[in-house]
file run-v3.pdb (PDB, C-alpha atoms)
ATOM      1  CA  MET A   1       2.897 -52.939  40.769
ATOM      2  CA  ASN A   2       4.773 -49.790  41.813
ATOM      3  CA  LYS A   3       5.803 -49.278  45.403
ATOM      4  CA  PRO A   4       4.482 -46.080  46.969
ATOM      5  CA  LYS A   5       7.087 -43.330  46.859
ATOM      6  CA  LYS A   6       8.951 -42.995  50.143
ATOM      7  CA  VAL A   7       8.263 -39.692  51.888
ATOM      8  CA  PRO A   8      11.451 -38.172  53.311
ATOM      9  CA  ILE A   9      11.055 -37.516  57.034
ATOM     10  CA  ARG A  10      13.050 -34.867  58.895
ATOM     11  CA  LYS A  11      13.307 -34.006  62.570
ATOM     12  CA  CYS A  12      12.509 -30.526  63.846
ATOM     13  CA  VAL A  13      15.553 -29.159  65.677
ATOM     14  CA  ALA A  14      13.331 -27.301  68.181
ATOM     15  CA  THR A  15      10.695 -29.900  69.112
ATOM     16  CA  ASN A  16      12.458 -33.137  68.049
ATOM     17  CA  GLU A  17       9.235 -34.204  66.311
ATOM     18  CA  GLN A  18       9.402 -35.833  62.913
ATOM     19  CA  TYR A  19       7.501 -34.525  59.902
ATOM     20  CA  PRO A  20       7.578 -35.015  56.142
ATOM     21  CA  LYS A  21      10.298 -32.822  54.667
ATOM     22  CA  LYS A  22       7.762 -30.788  52.660
ATOM     23  CA  GLU A  23       6.002 -29.695  55.865
ATOM     24  CA  MET A  24       9.095 -28.068  57.325
ATOM     25  CA  PHE A  25      11.234 -24.993  56.867
ATOM     26  CA  ARG A  26      14.877 -25.556  55.991
ATOM     27  CA  VAL A  27      17.190 -22.877  57.275
ATOM     28  CA  VAL A  28      20.670 -22.979  55.753
ATOM     29  CA  ARG A  29      24.067 -21.500  56.481
ATOM     30  CA  THR A  30      25.585 -21.134  53.032
ATOM     31  CA  PRO A  31      29.276 -21.809  52.374
ATOM     32  CA  GLU A  32      29.699 -17.989  52.339
ATOM     33  CA  GLY A  33      28.305 -17.838  55.872
ATOM     34  CA  ASN A  34      24.901 -16.296  55.065
ATOM     35  CA  ILE A  35      21.781 -17.583  56.798
ATOM     36  CA  ILE A  36      18.861 -18.133  54.414
ATOM     37  CA  ILE A  37      15.480 -19.827  54.365
ATOM     38  CA  ASP A  38      15.757 -22.562  51.749
ATOM     39  CA  GLU A  39      12.422 -22.603  49.904
ATOM     40  CA  ILE A  40      13.210 -25.502  47.550
ATOM     41  CA  GLY A  41      15.311 -27.683  49.861
ATOM     42  CA  LYS A  42      18.301 -27.761  47.542
ATOM     43  CA  ALA A  43      20.539 -24.917  48.751
ATOM     44  CA  ASN A  44      24.173 -25.734  49.462
ATOM     45  CA  GLY A  45      25.381 -25.482  53.000
ATOM     46  CA  ARG A  46      24.568 -26.681  56.478
ATOM     47  CA  GLY A  47      20.815 -27.035  56.957
ATOM     48  CA  ALA A  48      18.489 -27.391  59.912
ATOM     49  CA  TYR A  49      14.789 -28.226  59.769
ATOM     50  CA  LEU A  50      12.126 -26.398  61.735
ATOM     51  CA  SER A  51       8.480 -27.419  61.844
ATOM     52  CA  LYS A  52       5.979 -24.916  60.506
ATOM     53  CA  ASN A  53       4.403 -23.971  63.804
ATOM     54  CA  GLU A  54       4.704 -20.881  65.925
ATOM     55  CA  GLU A  55       5.803 -22.702  69.080
ATOM     56  CA  ALA A  56       8.750 -24.373  67.342
ATOM     57  CA  ILE A  57       9.944 -21.102  65.802
ATOM     58  CA  LYS A  58       9.629 -19.184  69.080
ATOM     59  CA  LEU A  59      11.390 -21.974  70.971
ATOM     60  CA  ALA A  60      14.219 -21.996  68.429
ATOM     61  CA  ARG A  61      14.526 -18.224  68.773
ATOM     62  CA  LYS A  62      14.455 -18.252  72.578
ATOM     63  CA  LYS A  63      16.969 -21.062  73.046
ATOM     64  CA  LYS A  64      19.099 -20.141  70.010
ATOM     65  CA  ILE A  65      18.681 -23.694  68.713
ATOM     66  CA  LEU A  66      19.337 -22.759  65.078
ATOM     67  CA  ASP A  67      22.509 -20.912  66.096
ATOM     68  CA  LYS A  68      23.837 -24.144  67.610
ATOM     69  CA  HIS A  69      22.851 -26.355  64.678
ATOM     70  CA  LEU A  70      24.116 -24.003  61.990
ATOM     71  CA  GLU A  71      27.169 -22.973  64.031
ATOM     72  CA  ALA A  72      26.442 -19.324  63.250
ATOM     73  CA  VAL A  73      24.412 -16.441  64.651
ATOM     74  CA  VAL A  74      20.951 -16.468  63.081
ATOM     75  CA  PRO A  75      19.619 -12.923  62.525
ATOM     76  CA  GLU A  76      16.276 -11.992  64.134
ATOM     77  CA  GLU A  77      14.889 -11.252  60.649
ATOM     78  CA  ILE A  78      15.038 -14.968  59.824
ATOM     79  CA  TYR A  79      12.697 -15.775  62.714
ATOM     80  CA  ASP A  80      10.430 -12.878  61.745
ATOM     81  CA  LEU A  81      10.287 -14.172  58.165
ATOM     82  CA  LEU A  82       9.497 -17.711  59.334
ATOM     83  CA  LEU A  83       6.700 -16.427  61.581
ATOM     84  CA  ALA A  84       5.361 -14.259  58.759
ATOM     85  CA  LYS A  85       5.276 -17.290  56.442
ATOM     86  CA  ILE A  86       3.006 -19.197  58.828
ATOM     87  CA  GLY A  87       0.981 -16.093  59.699
ATOM     88  CA  GLY A  88       2.285 -15.873  63.251
ATOM     89  CA  LYS A  89       3.080 -12.728  65.176
ATOM     90  CA  GLY A  90       6.661 -11.599  65.406
ATOM     91  CA  ASP A  91       6.585 -10.937  69.156
ATOM     92  CA  LYS A  92       9.567 -12.087  71.179
TER      93      LYS A  92
END

call {"tool": "encode", "arguments": {"input": "run-v3.pdb", "output": "structure tokens"}}
result
Amino acid sequence: MNKPKKVPIRKCVATNEQYPKKEMFRVVRTPEGNIIIDEIGKANGRGAYLSKNEEAIKLARKKKILDKHLEAVVPEEIYDLLLAKIGGKGDK
């Protein structure tokens, strides 16, 4: 009998809640220093996970949580893209 496959759990850097990896955004600072949204979860570089809800994204933007985790300045466009992906509004 096969064991059920273990679901990787990651912690949201904004809310500190844990979710399955597939239900989160991974934002990565690449070795070149670019900030990208990692769609497949395999990009090289320093990554931080953010839950796919508007509150978490707005909190991360307001408190510059991703900047601290990625040790780089995260452009506003990244937050706008994340909000657009969940259908949220890009208001600050």

call {"tool": "closest_residue", "arguments": {"input": "run-v3.pdb", "among": "A:Lys63, A:Lys22, A:Lys11, A:Lys68", "to": "Tyr49 (chain A)", "atoms": "only C-alpha atoms"}}
result
A:Lys11

call {"tool": "atom_distance", "arguments": {"input": "run-v3.pdb", "atom1": "CA of Arg29 (chain A)", "atom2": "CA of Val13 (chain A)"}}
result
14.7 Å

call {"tool": "resolve_selection", "arguments": {"input": "run-v3.pdb", "expression": "the PyMOL selection byres ((chain A and resi 55) around 12)", "output": "list in words"}}
result
Cys12, Ala14, Thr15, Leu50, Ser51, Lys52, Asn53, Glu54, Ala56, Ile57, Lys58, Leu59, Ala60, Arg61, Lys62, Lys63, Tyr79, Leu82, Leu83, Ile86, Gly88, Lys89, Gly90, Asp91 and Lys92 of chain A

call {"tool": "atom_distance", "arguments": {"input": "run-v3.pdb", "atom1": "CA of Pro20 (chain A)", "atom2": "CA of Ala43 (chain A)"}}
result
18.0 Å

call {"tool": "axis_aligned_box", "arguments": {"input": "run-v3.pdb", "around": "region 25-39 of chain A", "padding_each_side": "5 Å", "output": "lines of an AutoDock Vina configuration file"}}
result
center_x = 20.5
center_y = -20.9
center_z = 53.6
size_x = 28.5
size_y = 19.3
size_z = 17.4

call {"tool": "closest_residue", "arguments": {"input": "run-v3.pdb", "among": "A:Glu71, A:Asp80, A:Gly87, A:Leu66", "to": "Gly33 (chain A)", "atoms": "only C-alpha atoms"}}
result
A:Glu71

call {"tool": "atom_distance", "arguments": {"input": "run-v3.pdb", "atom1": "CA of Glu32 (chain A)", "atom2": "CA of Gln18 (chain A)"}}
result
29.0 Å

call {"tool": "residues_around", "arguments": {"input": "run-v3.pdb", "residues": "Gly45 (chain A)", "least_positions_apart": "3", "cutoff": "7 Å", "atoms": "all atoms listed in the file", "output": "list of chain:residue names"}}
result
A:Val28, A:Arg29, A:Thr30, A:Pro31

call {"tool": "closest_residue", "arguments": {"input": "run-v3.pdb", "among": "A:Leu81, A:Lys5, A:Arg46, A:Lys64", "to": "Asn34 (chain A)", "atoms": "only C-alpha atoms"}}
result
A:Arg46

call {"tool": "resolve_selection", "arguments": {"input": "run-v3.pdb", "expression": "the PyMOL selection byres ((chain A and resi 48) around 6)", "output": "tab-separated table (two decimals) with C-alpha atoms, in the coordinates of the input"}}
result
chain	number	residue	atom	x	y	z
A	26	ARG	CA	14.88	-25.56	55.99
A	27	VAL	CA	17.19	-22.88	57.28
A	47	GLY	CA	20.82	-27.04	56.96
A	49	TYR	CA	14.79	-28.23	59.77

call {"tool": "build_atoms", "arguments": {"input": "run-v3.pdb", "residues": "region 31-52 of chain A", "atoms": "N, CA and C atoms", "output": "CSV table (one decimal), in the coordinates of the input"}}
result
chain,number,residue,atom,x,y,z
A,31,PRO,N,27.8,-21.8,52.2
A,31,PRO,CA,29.3,-21.8,52.4
A,31,PRO,C,29.9,-20.4,52.6
A,32,GLU,N,29.2,-19.4,52.1
A,32,GLU,CA,29.7,-18.0,52.3
A,32,GLU,C,29.4,-17.5,53.7
A,33,GLY,N,28.6,-18.2,54.5
A,33,GLY,CA,28.3,-17.8,55.9
A,33,GLY,C,27.0,-17.1,56.0
A,34,ASN,N,26.2,-17.0,55.0
A,34,ASN,CA,24.9,-16.3,55.1
A,34,ASN,C,23.9,-17.3,55.6
A,35,ILE,N,22.9,-16.7,56.3
A,35,ILE,CA,21.8,-17.6,56.8
A,35,ILE,C,20.6,-17.3,55.9
A,36,ILE,N,20.0,-18.3,55.3
A,36,ILE,CA,18.9,-18.1,54.4
A,36,ILE,C,17.8,-19.2,54.7
A,37,ILE,N,16.6,-18.8,54.3
A,37,ILE,CA,15.5,-19.8,54.4
A,37,ILE,C,15.5,-20.5,53.0
A,38,ASP,N,15.7,-21.8,53.0
A,38,ASP,CA,15.8,-22.6,51.7
A,38,ASP,C,14.4,-23.0,51.3
A,39,GLU,N,13.8,-22.3,50.3
A,39,GLU,CA,12.4,-22.6,49.9
A,39,GLU,C,12.3,-23.9,49.2
A,40,ILE,N,13.3,-24.3,48.4
A,40,ILE,CA,13.2,-25.5,47.6
A,40,ILE,C,13.9,-26.7,48.1
A,41,GLY,N,14.7,-26.5,49.2
A,41,GLY,CA,15.3,-27.7,49.9
A,41,GLY,C,16.6,-28.2,49.2
A,42,LYS,N,17.1,-27.3,48.3
A,42,LYS,CA,18.3,-27.8,47.5
A,42,LYS,C,19.5,-26.9,47.7
A,43,ALA,N,19.4,-25.9,48.6
A,43,ALA,CA,20.5,-24.9,48.8
A,43,ALA,C,21.8,-25.6,49.3
A,44,ASN,N,22.9,-25.2,48.9
A,44,ASN,CA,24.2,-25.7,49.5
A,44,ASN,C,24.4,-25.2,50.8
A,45,GLY,N,25.0,-26.0,51.7
A,45,GLY,CA,25.4,-25.5,53.0
A,45,GLY,C,24.8,-26.4,54.1
A,46,ARG,N,25.0,-25.9,55.3
A,46,ARG,CA,24.6,-26.7,56.5
A,46,ARG,C,23.1,-26.3,56.8
A,47,GLY,N,22.2,-27.3,56.8
A,47,GLY,CA,20.8,-27.0,57.0
A,47,GLY,C,20.3,-27.6,58.3
A,48,ALA,N,19.2,-26.9,58.7
A,48,ALA,CA,18.5,-27.4,59.9
A,48,ALA,C,17.0,-27.3,59.6
A,49,TYR,N,16.2,-28.2,60.0
A,49,TYR,CA,14.8,-28.2,59.8
A,49,TYR,C,14.0,-27.7,61.0
A,50,LEU,N,13.0,-27.0,60.7
A,50,LEU,CA,12.1,-26.4,61.7
A,50,LEU,C,10.7,-26.6,61.3
A,51,SER,N,9.9,-27.2,62.2
A,51,SER,CA,8.5,-27.4,61.8
A,51,SER,C,7.7,-26.1,61.7
A,52,LYS,N,6.7,-26.1,60.8
A,52,LYS,CA,6.0,-24.9,60.5
A,52,LYS,C,4.9,-24.6,61.5
